[in-house]
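File shown here: protein14.pdb, holding PDB, C-alpha atoms.
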```pdb
ATOM      1  CA  MET A 246     184.358 118.688  58.621
ATOM      2  CA  LYS A 247     180.779 117.835  59.586
ATOM      3  CA  ILE A 248     180.596 121.007  61.614
ATOM      4  CA  LEU A 249     181.812 122.989  58.620
ATOM      5  CA  ILE A 250     179.156 121.573  56.287
ATOM      6  CA  THR A 251     176.388 121.903  58.859
ATOM      7  CA  SER A 252     177.333 125.507  59.613
ATOM      8  CA  ILE A 253     177.402 126.487  55.941
ATOM      9  CA  ILE A 254     174.018 124.888  55.263
ATOM     10  CA  SER A 255     172.403 126.419  58.335
ATOM     11  CA  VAL A 256     173.705 129.931  57.584
ATOM     12  CA  PHE A 257     172.527 129.593  54.001
ATOM     13  CA  LEU A 258     169.067 128.472  55.092
ATOM     14  CA  PHE A 259     168.703 131.269  57.623
ATOM     15  CA  THR A 260     169.737 134.014  55.253
ATOM     16  CA  SER A 261     168.737 132.716  51.844
ATOM     17  CA  CYS A 262     166.150 134.911  50.195
ATOM     18  CA  ASN A 263     164.673 132.120  48.127
ATOM     19  CA  PHE A 264     163.933 130.125  51.199
ATOM     20  CA  THR A 265     160.344 131.304  51.453
ATOM     21  CA  THR A 266     158.008 130.058  48.789
ATOM     22  CA  ASN A 267     156.499 132.880  46.824
ATOM     23  CA  THR A 268     152.812 132.656  46.334
ATOM     24  CA  VAL A 269     150.453 135.215  44.908
ATOM     25  CA  SER A 270     149.327 136.631  48.218
ATOM     26  CA  GLU A 271     152.203 135.855  50.553
ATOM     27  CA  THR A 272     154.008 138.555  52.476
ATOM     28  CA  ASN A 273     156.530 138.134  55.261
ATOM     29  CA  LYS A 274     154.719 140.516  57.551
ATOM     30  CA  THR A 275     151.055 140.186  58.272
ATOM     31  CA  GLN A 276     148.918 142.110  55.856
ATOM     32  CA  LEU A 277     147.645 144.519  58.499
ATOM     33  CA  SER A 278     151.052 145.431  59.886
ATOM     34  CA  LEU A 279     152.409 145.975  56.385
ATOM     35  CA  ARG A 280     149.459 148.203  55.560
ATOM     36  CA  ALA A 281     150.097 150.214  58.734
ATOM     37  CA  ILE A 282     153.724 150.757  57.750
ATOM     38  CA  GLN A 283     152.783 151.789  54.227
ATOM     39  CA  THR A 284     149.899 154.124  55.075
ATOM     40  CA  ARG A 285     149.711 157.678  56.441
ATOM     41  CA  ASP A 286     146.689 159.826  57.162
ATOM     42  CA  LEU A 287     147.290 163.392  56.081
ATOM     43  CA  GLU A 288     145.323 166.532  56.910
ATOM     44  CA  ILE A 289     144.279 167.312  53.359
ATOM     45  CA  THR A 290     141.101 166.737  51.387
ATOM     46  CA  ASP A 291     141.988 168.291  48.038
ATOM     47  CA  GLN A 292     142.827 165.139  46.020
ATOM     48  CA  ASN A 293     144.228 167.135  43.121
ATOM     49  CA  LYS A 294     146.654 168.955  45.383
ATOM     50  CA  LEU A 295     147.614 165.750  47.169
ATOM     51  CA  LEU A 296     148.292 163.820  43.960
ATOM     52  CA  ARG A 297     150.342 166.724  42.612
ATOM     53  CA  ALA A 298     152.382 166.766  45.824
ATOM     54  CA  ILE A 299     152.995 163.004  45.512
ATOM     55  CA  ILE A 300     154.165 163.522  41.925
ATOM     56  CA  ALA A 301     156.477 166.367  42.998
ATOM     57  CA  THR A 302     157.925 164.171  45.771
ATOM     58  CA  LEU A 303     158.598 161.336  43.348
ATOM     59  CA  GLN A 304     160.258 163.796  40.943
ATOM     60  CA  ASP A 305     162.427 165.149  43.777
ATOM     61  CA  LEU A 306     163.519 161.579  44.500
ATOM     62  CA  ASP A 307     164.538 161.032  40.845
ATOM     63  CA  PHE A 308     161.641 158.742  39.998
ATOM     64  CA  ILE A 309     160.216 158.508  36.498
ATOM     65  CA  LEU A 310     156.420 158.327  36.434
ATOM     66  CA  THR A 311     155.094 155.282  34.636
ATOM     67  CA  ARG A 312     151.330 155.569  35.198
ATOM     68  CA  VAL A 313     149.027 158.218  36.608
ATOM     69  CA  ASP A 314     145.271 157.871  37.117
ATOM     70  CA  LYS A 315     143.543 160.733  38.863
ATOM     71  CA  ASP A 316     140.129 159.056  39.042
ATOM     72  CA  LEU A 317     141.543 156.077  40.938
ATOM     73  CA  GLY A 318     144.154 158.146  42.739
ATOM     74  CA  VAL A 319     146.985 155.862  41.619
ATOM     75  CA  ILE A 320     150.521 156.827  40.682
ATOM     76  CA  THR A 321     153.232 154.354  39.738
ATOM     77  CA  ALA A 322     156.856 155.308  39.273
ATOM     78  CA  ASN A 323     160.226 153.745  38.722
ATOM     79  CA  LYS A 324     163.733 154.612  39.802
ATOM     80  CA  ALA A 325     166.916 152.947  38.615
ATOM     81  CA  ASN A 326     169.538 152.648  41.328
ATOM     82  CA  LYS A 327     171.733 149.691  40.323
ATOM     83  CA  HIS A 328     168.505 147.746  40.640
ATOM     84  CA  SER A 329     165.024 148.806  39.681
ATOM     85  CA  LEU A 330     162.864 150.371  42.402
ATOM     86  CA  ASP A 331     159.133 150.304  41.623
ATOM     87  CA  MET A 332     156.768 152.421  43.650
ATOM     88  CA  THR A 333     152.960 152.506  43.715
ATOM     89  CA  VAL A 334     151.250 155.317  45.615
ATOM     90  CA  THR A 335     147.524 155.567  46.127
ATOM     91  CA  ALA A 336     145.556 158.419  47.654
ATOM     92  CA  SER A 337     141.938 158.455  48.776
ATOM     93  CA  GLN A 338     139.779 160.645  50.932
ATOM     94  CA  LYS A 339     139.249 159.111  54.362
ATOM     95  CA  THR A 340     137.212 161.584  56.389
ATOM     96  CA  ASN A 341     135.989 165.155  55.942
ATOM     97  CA  THR A 342     139.404 166.419  56.968
ATOM     98  CA  GLN A 343     141.795 163.604  56.121
ATOM     99  CA  SER A 344     143.133 161.627  53.184
ATOM    100  CA  ALA A 345     144.911 158.298  53.342
ATOM    101  CA  VAL A 346     148.064 157.783  51.304
ATOM    102  CA  ARG A 347     149.495 154.319  50.825
ATOM    103  CA  ALA A 348     152.862 153.629  49.251
ATOM    104  CA  SER A 349     154.200 150.204  48.340
ATOM    105  CA  ALA A 350     157.571 149.520  46.795
ATOM    106  CA  ARG A 351     159.568 146.713  45.232
ATOM    107  CA  TYR A 352     163.332 146.556  45.068
ATOM    108  CA  LYS A 353     165.168 143.757  43.251
ATOM    109  CA  LYS A 354     161.660 142.529  42.397
ATOM    110  CA  ARG A 355     160.855 141.949  46.081
ATOM    111  CA  ALA A 356     158.402 143.881  48.240
ATOM    112  CA  ILE A 357     160.018 146.340  50.646
ATOM    113  CA  GLU A 358     158.766 145.858  54.185
ATOM    114  CA  ASP A 359     161.263 148.150  55.875
ATOM    115  CA  MET A 360     159.538 150.750  58.037
ATOM    116  CA  LYS A 361     162.293 153.367  57.619
ATOM    117  CA  PHE A 362     161.962 153.282  53.856
ATOM    118  CA  TYR A 363     158.295 154.336  54.038
ATOM    119  CA  GLN A 364     158.997 156.850  56.815
ATOM    120  CA  ASP A 365     161.505 158.569  54.512
ATOM    121  CA  PHE A 366     158.922 158.728  51.748
ATOM    122  CA  PHE A 367     156.211 160.249  53.942
ATOM    123  CA  ILE A 368     158.624 162.791  55.449
ATOM    124  CA  ASN A 369     159.449 163.944  51.927
ATOM    125  CA  LEU A 370     155.765 163.985  50.969
ATOM    126  CA  GLU A 371     154.911 166.156  53.964
ATOM    127  CA  LYS A 372     157.720 168.555  52.984
ATOM    128  CA  SER A 373     156.348 168.703  49.460
ATOM    129  CA  LEU A 374     152.825 169.393  50.739
ATOM    130  CA  PHE A 375     154.208 172.168  52.902
ATOM    131  CA  LEU A 376     156.001 173.724  49.922
ATOM    132  CA  SER A 377     152.917 173.572  47.704
ATOM    133  CA  SER A 378     150.542 174.899  50.385
ATOM    134  CA  ASN A 379     152.864 177.872  50.843
ATOM    135  CA  ASN A 380     153.291 178.344  47.093
ATOM    136  CA  ILE A 381     157.017 177.724  47.233
ATOM    137  CA  SER A 382     158.409 176.070  44.130
TER     138      SER A 382
ATOM    139  CA  MET B 217     188.798 114.885  61.606
ATOM    140  CA  PRO B 218     189.873 117.486  64.174
ATOM    141  CA  ILE B 219     189.453 121.122  63.236
ATOM    142  CA  THR B 220     192.655 123.096  63.453
ATOM    143  CA  GLN B 221     192.882 126.807  64.187
ATOM    144  CA  GLN B 222     193.515 127.438  60.500
ATOM    145  CA  ASP B 223     190.358 125.495  59.579
ATOM    146  CA  SER B 224     188.247 127.511  61.983
ATOM    147  CA  LYS B 225     189.528 130.739  60.413
ATOM    148  CA  VAL B 226     188.491 129.442  56.986
ATOM    149  CA  ILE B 227     185.056 128.443  58.346
ATOM    150  CA  PHE B 228     184.599 131.869  59.880
ATOM    151  CA  LYS B 229     185.486 133.625  56.606
ATOM    152  CA  LEU B 230     183.196 131.302  54.662
ATOM    153  CA  LEU B 231     180.283 131.980  56.995
ATOM    154  CA  ILE B 232     180.752 135.746  56.639
ATOM    155  CA  LEU B 233     180.958 135.434  52.846
ATOM    156  CA  ILE B 234     177.802 133.322  52.659
ATOM    157  CA  PHE B 235     175.997 135.713  54.949
ATOM    158  CA  ILE B 236     176.913 138.703  52.768
ATOM    159  CA  LEU B 237     176.079 136.935  49.513
ATOM    160  CA  SER B 238     172.771 135.539  50.631
ATOM    161  CA  SER B 239     171.358 138.470  52.576
ATOM    162  CA  CYS B 240     169.423 139.829  49.629
ATOM    163  CA  ASN B 241     166.681 141.686  51.473
ATOM    164  CA  TYR B 242     169.082 144.564  51.816
ATOM    165  CA  VAL B 243     167.567 147.916  50.862
ATOM    166  CA  PRO B 244     170.036 150.829  50.660
ATOM    167  CA  SER B 245     169.121 153.413  53.302
ATOM    168  CA  SER B 246     169.738 156.302  50.916
ATOM    169  CA  LEU B 247     167.115 155.166  48.390
ATOM    170  CA  LEU B 248     164.515 157.690  49.507
ATOM    171  CA  THR B 249     166.734 160.232  51.196
ATOM    172  CA  LEU B 250     166.318 163.630  49.661
ATOM    173  CA  GLN B 251     169.586 165.110  48.427
ATOM    174  CA  LYS B 252     170.649 168.452  49.859
ATOM    175  CA  SER B 253     170.593 169.868  46.353
ATOM    176  CA  ALA B 254     167.007 168.681  45.694
ATOM    177  CA  LEU B 255     165.479 172.149  45.985
ATOM    178  CA  GLU B 256     168.168 173.581  43.727
ATOM    179  CA  ILE B 257     167.489 170.864  41.133
ATOM    180  CA  ARG B 258     163.749 171.485  41.431
ATOM    181  CA  ASN B 259     164.346 175.166  40.586
ATOM    182  CA  LEU B 260     166.606 174.229  37.696
ATOM    183  CA  GLN B 261     163.903 171.978  36.277
ATOM    184  CA  THR B 262     161.051 174.480  36.715
ATOM    185  CA  ARG B 263     159.936 177.456  34.608
ATOM    186  CA  ASN B 264     157.024 179.804  35.035
ATOM    187  CA  PHE B 265     154.689 180.419  32.101
ATOM    188  CA  ASP B 266     151.753 182.689  31.412
ATOM    189  CA  SER B 267     149.089 180.977  29.364
ATOM    190  CA  ASN B 268     145.338 181.017  28.733
ATOM    191  CA  SER B 269     145.043 177.433  29.928
ATOM    192  CA  GLU B 270     147.051 174.561  31.402
ATOM    193  CA  LYS B 271     146.130 172.424  28.396
ATOM    194  CA  ASN B 272     147.956 174.813  26.062
ATOM    195  CA  ILE B 273     151.127 174.363  28.099
ATOM    196  CA  LEU B 274     150.743 170.589  28.001
ATOM    197  CA  LYS B 275     150.124 170.644  24.240
ATOM    198  CA  ALA B 276     153.196 172.828  23.771
ATOM    199  CA  SER B 277     155.238 170.394  25.878
ATOM    200  CA  ILE B 278     154.080 167.437  23.800
ATOM    201  CA  SER B 279     155.020 169.294  20.596
ATOM    202  CA  ALA B 280     158.470 170.091  21.983
ATOM    203  CA  LEU B 281     158.992 166.440  22.945
ATOM    204  CA  GLN B 282     157.878 165.300  19.480
ATOM    205  CA  ASP B 283     160.341 167.751  17.915
ATOM    206  CA  MET B 284     163.081 166.158  20.008
ATOM    207  CA  GLY B 285     162.160 162.636  18.854
ATOM    208  CA  TYR B 286     160.425 161.457  22.027
ATOM    209  CA  SER B 287     157.440 159.147  22.057
ATOM    210  CA  ILE B 288     154.743 159.953  24.591
ATOM    211  CA  GLN B 289     154.204 157.188  27.158
ATOM    212  CA  GLU B 290     151.595 158.582  29.521
ATOM    213  CA  THR B 291     149.419 161.645  29.859
ATOM    214  CA  GLU B 292     147.025 162.730  32.603
ATOM    215  CA  SER B 293     145.936 166.229  31.740
ATOM    216  CA  SER B 294     143.866 166.723  34.904
ATOM    217  CA  LEU B 295     147.079 166.439  36.928
ATOM    218  CA  GLY B 296     149.244 168.071  34.277
ATOM    219  CA  VAL B 297     151.428 165.013  33.738
ATOM    220  CA  ILE B 298     153.214 163.914  30.567
ATOM    221  CA  THR B 299     155.872 161.225  30.331
ATOM    222  CA  GLY B 300     157.933 160.375  27.292
ATOM    223  CA  SER B 301     160.960 158.347  26.299
ATOM    224  CA  LYS B 302     163.576 158.104  23.592
ATOM    225  CA  GLU B 303     165.934 155.236  22.891
ATOM    226  CA  VAL B 304     169.409 155.452  21.399
ATOM    227  CA  LYS B 305     171.421 152.370  20.426
ATOM    228  CA  ILE B 306     175.075 152.471  21.360
ATOM    229  CA  ASN B 307     177.381 151.756  18.423
ATOM    230  CA  SER B 308     179.650 149.328  20.217
ATOM    231  CA  PHE B 309     181.812 148.047  17.329
ATOM    232  CA  PHE B 310     184.824 150.077  18.371
ATOM    233  CA  ASN B 311     183.895 149.966  22.000
ATOM    234  CA  ASN B 312     186.185 147.995  24.318
ATOM    235  CA  LYS B 313     183.265 145.794  25.248
ATOM    236  CA  SER B 314     181.826 145.163  21.793
ATOM    237  CA  PRO B 315     180.305 141.740  21.017
ATOM    238  CA  PHE B 316     181.896 141.321  17.586
ATOM    239  CA  ASP B 317     185.271 139.750  18.315
ATOM    240  CA  PHE B 318     186.379 136.205  17.668
ATOM    241  CA  ASN B 319     187.783 134.342  20.598
ATOM    242  CA  ILE B 320     189.384 131.061  19.505
ATOM    243  CA  GLY B 321     190.995 128.470  21.738
ATOM    244  CA  ILE B 322     190.707 127.965  25.432
ATOM    245  CA  ASN B 323     193.967 127.359  27.161
ATOM    246  CA  LYS B 324     197.415 128.783  26.746
ATOM    247  CA  GLY B 325     198.083 130.410  23.433
ATOM    248  CA  PHE B 326     199.117 133.593  21.794
ATOM    249  CA  SER B 327     197.121 136.682  21.538
ATOM    250  CA  LEU B 328     196.381 139.140  18.794
ATOM    251  CA  GLY B 329     194.568 142.281  19.645
ATOM    252  CA  ASN B 330     194.000 143.622  23.091
ATOM    253  CA  SER B 331     190.751 142.096  24.186
ATOM    254  CA  ARG B 332     190.260 141.537  27.889
ATOM    255  CA  SER B 333     189.446 137.914  27.114
ATOM    256  CA  SER B 334     192.719 137.349  25.213
ATOM    257  CA  ARG B 335     194.337 136.006  28.360
ATOM    258  CA  ASN B 336     192.122 132.947  27.957
ATOM    259  CA  GLY B 337     193.374 131.942  24.560
ATOM    260  CA  VAL B 338     194.097 132.898  20.995
ATOM    261  CA  ASN B 339     192.301 136.046  20.141
ATOM    262  CA  ILE B 340     191.965 137.161  16.559
ATOM    263  CA  GLY B 341     190.511 140.537  17.078
ATOM    264  CA  ILE B 342     188.176 142.618  15.019
ATOM    265  CA  GLY B 343     188.046 145.708  17.097
ATOM    266  CA  ASN B 344     188.604 144.902  20.717
ATOM    267  CA  SER B 345     185.750 142.695  21.703
ATOM    268  CA  SER B 346     184.884 139.047  22.219
ATOM    269  CA  LEU B 347     182.140 136.472  21.894
ATOM    270  CA  ASN B 348     182.404 135.806  25.573
ATOM    271  CA  ARG B 349     178.727 135.933  26.474
ATOM    272  CA  LYS B 350     179.392 136.517  30.134
ATOM    273  CA  GLU B 351     180.996 139.841  29.398
ATOM    274  CA  ARG B 352     178.736 142.820  29.924
ATOM    275  CA  TYR B 353     178.685 145.764  27.590
ATOM    276  CA  ASN B 354     176.317 148.648  27.061
ATOM    277  CA  VAL B 355     173.866 148.347  24.188
ATOM    278  CA  LYS B 356     171.408 151.207  24.510
ATOM    279  CA  LYS B 357     170.581 154.410  26.282
ATOM    280  CA  GLU B 358     167.045 155.416  27.117
ATOM    281  CA  THR B 359     166.105 158.949  28.039
ATOM    282  CA  ASN B 360     162.944 159.305  30.086
ATOM    283  CA  VAL B 361     161.249 162.598  30.713
ATOM    284  CA  THR B 362     158.518 163.518  33.171
ATOM    285  CA  ILE B 363     156.771 166.851  32.685
ATOM    286  CA  VAL B 364     154.379 168.214  35.274
ATOM    287  CA  SER B 365     152.490 171.495  35.115
ATOM    288  CA  SER B 366     150.856 173.082  38.108
ATOM    289  CA  PRO B 367     148.825 176.267  38.477
ATOM    290  CA  THR B 368     150.249 178.976  40.731
ATOM    291  CA  ASN B 369     148.181 181.350  42.860
ATOM    292  CA  LYS B 370     148.176 183.894  40.014
ATOM    293  CA  ILE B 371     145.538 183.809  37.301
ATOM    294  CA  ASN B 372     146.629 182.161  34.025
ATOM    295  CA  ASN B 373     150.038 181.412  35.454
ATOM    296  CA  PHE B 374     151.634 177.980  35.670
ATOM    297  CA  ASN B 375     154.821 176.297  36.774
ATOM    298  CA  LEU B 376     156.172 173.641  34.461
ATOM    299  CA  ARG B 377     158.681 171.119  35.744
ATOM    300  CA  ALA B 378     160.590 168.770  33.476
ATOM    301  CA  SER B 379     162.993 166.094  34.651
ATOM    302  CA  PHE B 380     165.171 164.142  32.249
ATOM    303  CA  GLN B 381     166.800 160.865  33.228
ATOM    304  CA  VAL B 382     169.189 158.730  31.176
ATOM    305  CA  ASN B 383     169.359 154.974  31.776
ATOM    306  CA  THR B 384     172.087 152.886  30.148
ATOM    307  CA  TYR B 385     171.227 149.220  29.497
ATOM    308  CA  ASP B 386     173.708 146.388  29.040
ATOM    309  CA  ASN B 387     173.437 143.246  26.877
ATOM    310  CA  PHE B 388     171.696 141.406  29.741
ATOM    311  CA  GLY B 389     168.920 144.003  29.774
ATOM    312  CA  ASP B 390     170.034 145.355  33.148
ATOM    313  CA  ILE B 391     170.518 149.026  33.909
ATOM    314  CA  SER B 392     174.250 149.676  34.157
ATOM    315  CA  ASN B 393     173.971 153.381  34.860
ATOM    316  CA  SER B 394     171.237 155.871  35.646
ATOM    317  CA  THR B 395     171.619 159.619  35.887
ATOM    318  CA  THR B 396     169.301 162.574  36.214
ATOM    319  CA  ILE B 397     170.347 165.344  33.848
ATOM    320  CA  LYS B 398     171.330 168.458  35.777
ATOM    321  CA  ASP B 399     172.738 170.529  32.930
ATOM    322  CA  PRO B 400     171.036 173.974  33.073
ATOM    323  CA  LYS B 401     171.680 174.518  29.358
ATOM    324  CA  LEU B 402     169.512 171.531  28.375
ATOM    325  CA  TYR B 403     166.600 172.751  30.462
ATOM    326  CA  GLN B 404     166.990 176.311  29.126
ATOM    327  CA  GLU B 405     166.819 175.053  25.536
ATOM    328  CA  PHE B 406     163.855 172.834  26.296
ATOM    329  CA  PHE B 407     161.856 175.569  28.021
ATOM    330  CA  SER B 408     162.652 178.052  25.280
ATOM    331  CA  LYS B 409     161.131 175.614  22.740
ATOM    332  CA  ILE B 410     158.031 175.325  24.915
ATOM    333  CA  SER B 411     157.805 179.085  25.384
ATOM    334  CA  ASN B 412     157.544 179.639  21.620
ATOM    335  CA  SER B 413     155.015 176.861  21.311
ATOM    336  CA  VAL B 414     152.848 178.176  24.190
ATOM    337  CA  PHE B 415     152.700 181.570  22.494
ATOM    338  CA  TYR B 416     151.578 179.846  19.291
ATOM    339  CA  GLN B 417     148.933 177.732  21.093
ATOM    340  CA  ASP B 418     147.533 180.773  22.934
ATOM    341  CA  ASN B 419     147.126 182.688  19.700
ATOM    342  CA  LEU B 420     145.552 179.960  17.605
TER     343      LEU B 420
END
```
Translate this file's structure into structure tokens.
Amino acid sequence: MKILITSIISVFLFTSCNFTTNTVSETNKTQLSLRAIQTRDLEITDQNKLLRAIIATLQDLDFILTRVDKDLGVITANKANKHSLDMTVTASQKTNTQSAVRASARYKKRAIEDMKFYQDFFINLEKSLFLSSNNIS
Amino acid sequence: MPITQQDSKVIFKLLILIFILSSCNYVPSSLLTLQKSALEIRNLQTRNFDSNSEKNILKASISALQDMGYSIQETESSLGVITGSKEVKINSFFNNKSPFDFNIGINKGFSLGNSRSSRNGVNIGIGNSSLNRKERYNVKKETNVTIVSSPTNKINNFNLRASFQVNTYDNFGDISNSTTIKDPKLYQEFFSKISNSVFYQDNL
């Protein structure tokens, strides 16, 4: 019986999502590694074109835009898929030839730190940039 | 107390159940996977317009949304973005999951009406619903629209893309269903409204 109780408690502790205390700045991964996962450098300097491509990507993925600010290069969007998926995408010029795009997302009100999730987003963004640069709609 | 083989089976099942229930960091892999029909849907949602300026197209879009009862949520004209929404309450009185029934008694009893909760006790039904607060039922639908215009490589020529999405909310405030509208007829009607309005704006 003791084994049973101990096993249940230990499994619960290992897998429970409320086990970590949420503070304002806490993330499970280190800030730098999370930023690396969420950021891509793209060979584009036209901010207008880049932001439009991000918007088109989000539309393709069935997101509804909630806020758009060209001056700050910020786009926020929401998608309902049983649970709410919130996405914030920022774009800024990095060098004379490159722009940096960072995407961060929350699902079930928790930050997504899954690398594949962001890879999928950037693959779709690159496709969208390709379509717009070749004037395919 | 020695653990029998039957006990260990129960423990094993319990551990699996707890693991499934508590592993809440799960993110569905298909969340950001582009559907095969995405390009087709993009074409369905896009129309090409000739206009003197992008602003005229955006103004025409806002007018069309206002005509349809939408309120505008966000605009960013430099990127050609407009978002709007419209809310519709669901009249749930005759709905199977309406909140207006009376559910009296707890244990065994007889049942009037055909509420799902009638198995729990005496149910004097008005309609088919119950006061069981744990029961979920839909209370409102919200339609969200995102409109984006973008200049093409031709002079005074623009693509306009509109995407409509309907979210259904339950009495707990959660989204019970979410669908992107893919009915070509709706988009045709919407773009035809805009087309008339663009002509009007250009000739003001």
For this session: Could you expand the PyMOL selection byres ((chain A and resi 363-366) around 8) into the explicit residues it covers here, written as a list of chain:residue names?
Result: A:Ile282, A:Gln283, A:Ala348, A:Asp359, A:Met360, A:Lys361, A:Phe362, A:Phe367, A:Ile368, A:Asn369, A:Leu370, B:Leu248, B:Thr249
Problem set entry | Surrounding residues of segment 306-309 of chain A excluding itself and chain neighbours under 4 positions, 10 Å, only C-alpha atoms, as a PyMOL selection string | (chain A and resi 300-302+321-326+330-332+366+369) or (chain B and resi 247-251+254+299-300+360-363+379-381+394-396)
Exercise. Quick one, how far is atom CA of Asn419 of chain B from atom CA of Ile278 of chain B?
Worked result: 17.3 Å
For this session: Using the chain letters and residue numbers of this document, give as JSON, numbers by chain the residues selected by the PyMOL selection byres ((chain B and resi 385-389) around 8).
Result: {"B": [352, 353, 354, 355, 356, 357, 358, 383, 384, 390, 391, 392, 393]}
For this session: Kindly indicate which residue among A:Arg285, A:Arg280, A:Arg297, A:Lys339 lies nearest to chain B, using only C-alpha atoms for the distances.
Result: A:Arg297
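If you measure from each of A:Val319, A:Val346, A:Leu277, A:Val313 to chain B using only C-alpha atoms, the closest one turns out to be A:Val313.
Closest approach to chain B among A:Asn293, A:Asn379, A:Thr340, A:Gln276 is made by A:Asn293 (distances from all atoms listed in the file).
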Exercise. Could you pull the residues within 12 Å of Gln404 of chain B, counting only C-alpha atoms, minus those fewer than 2 positions along the same chain, as a PyMOL selection string?
Worked result: chain B and resi 259-263+377-378+398-402+406-411
For this session: Tell me which residues the PyMOL selection byres ((chain A and resi 342) around 9) grabs here, as number ranges by chain.
Result: A: 287-290, 338-341, 343-344
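Straight-line separation from atom CA of Val334 of chain A to atom CA of Arg347 of chain A: 5.6 Å.
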For this session: Kindly indicate which residue among B:Tyr403, B:Asn375, B:Glu290, B:Val382 lies nearest to Ser269 of chain B, using all atoms listed in the file for the distances.
Result: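 Nearest candidate to Ser269 of chain B out of B:Tyr403, B:Asn375, B:Glu290, B:Val382: B:Asn375.
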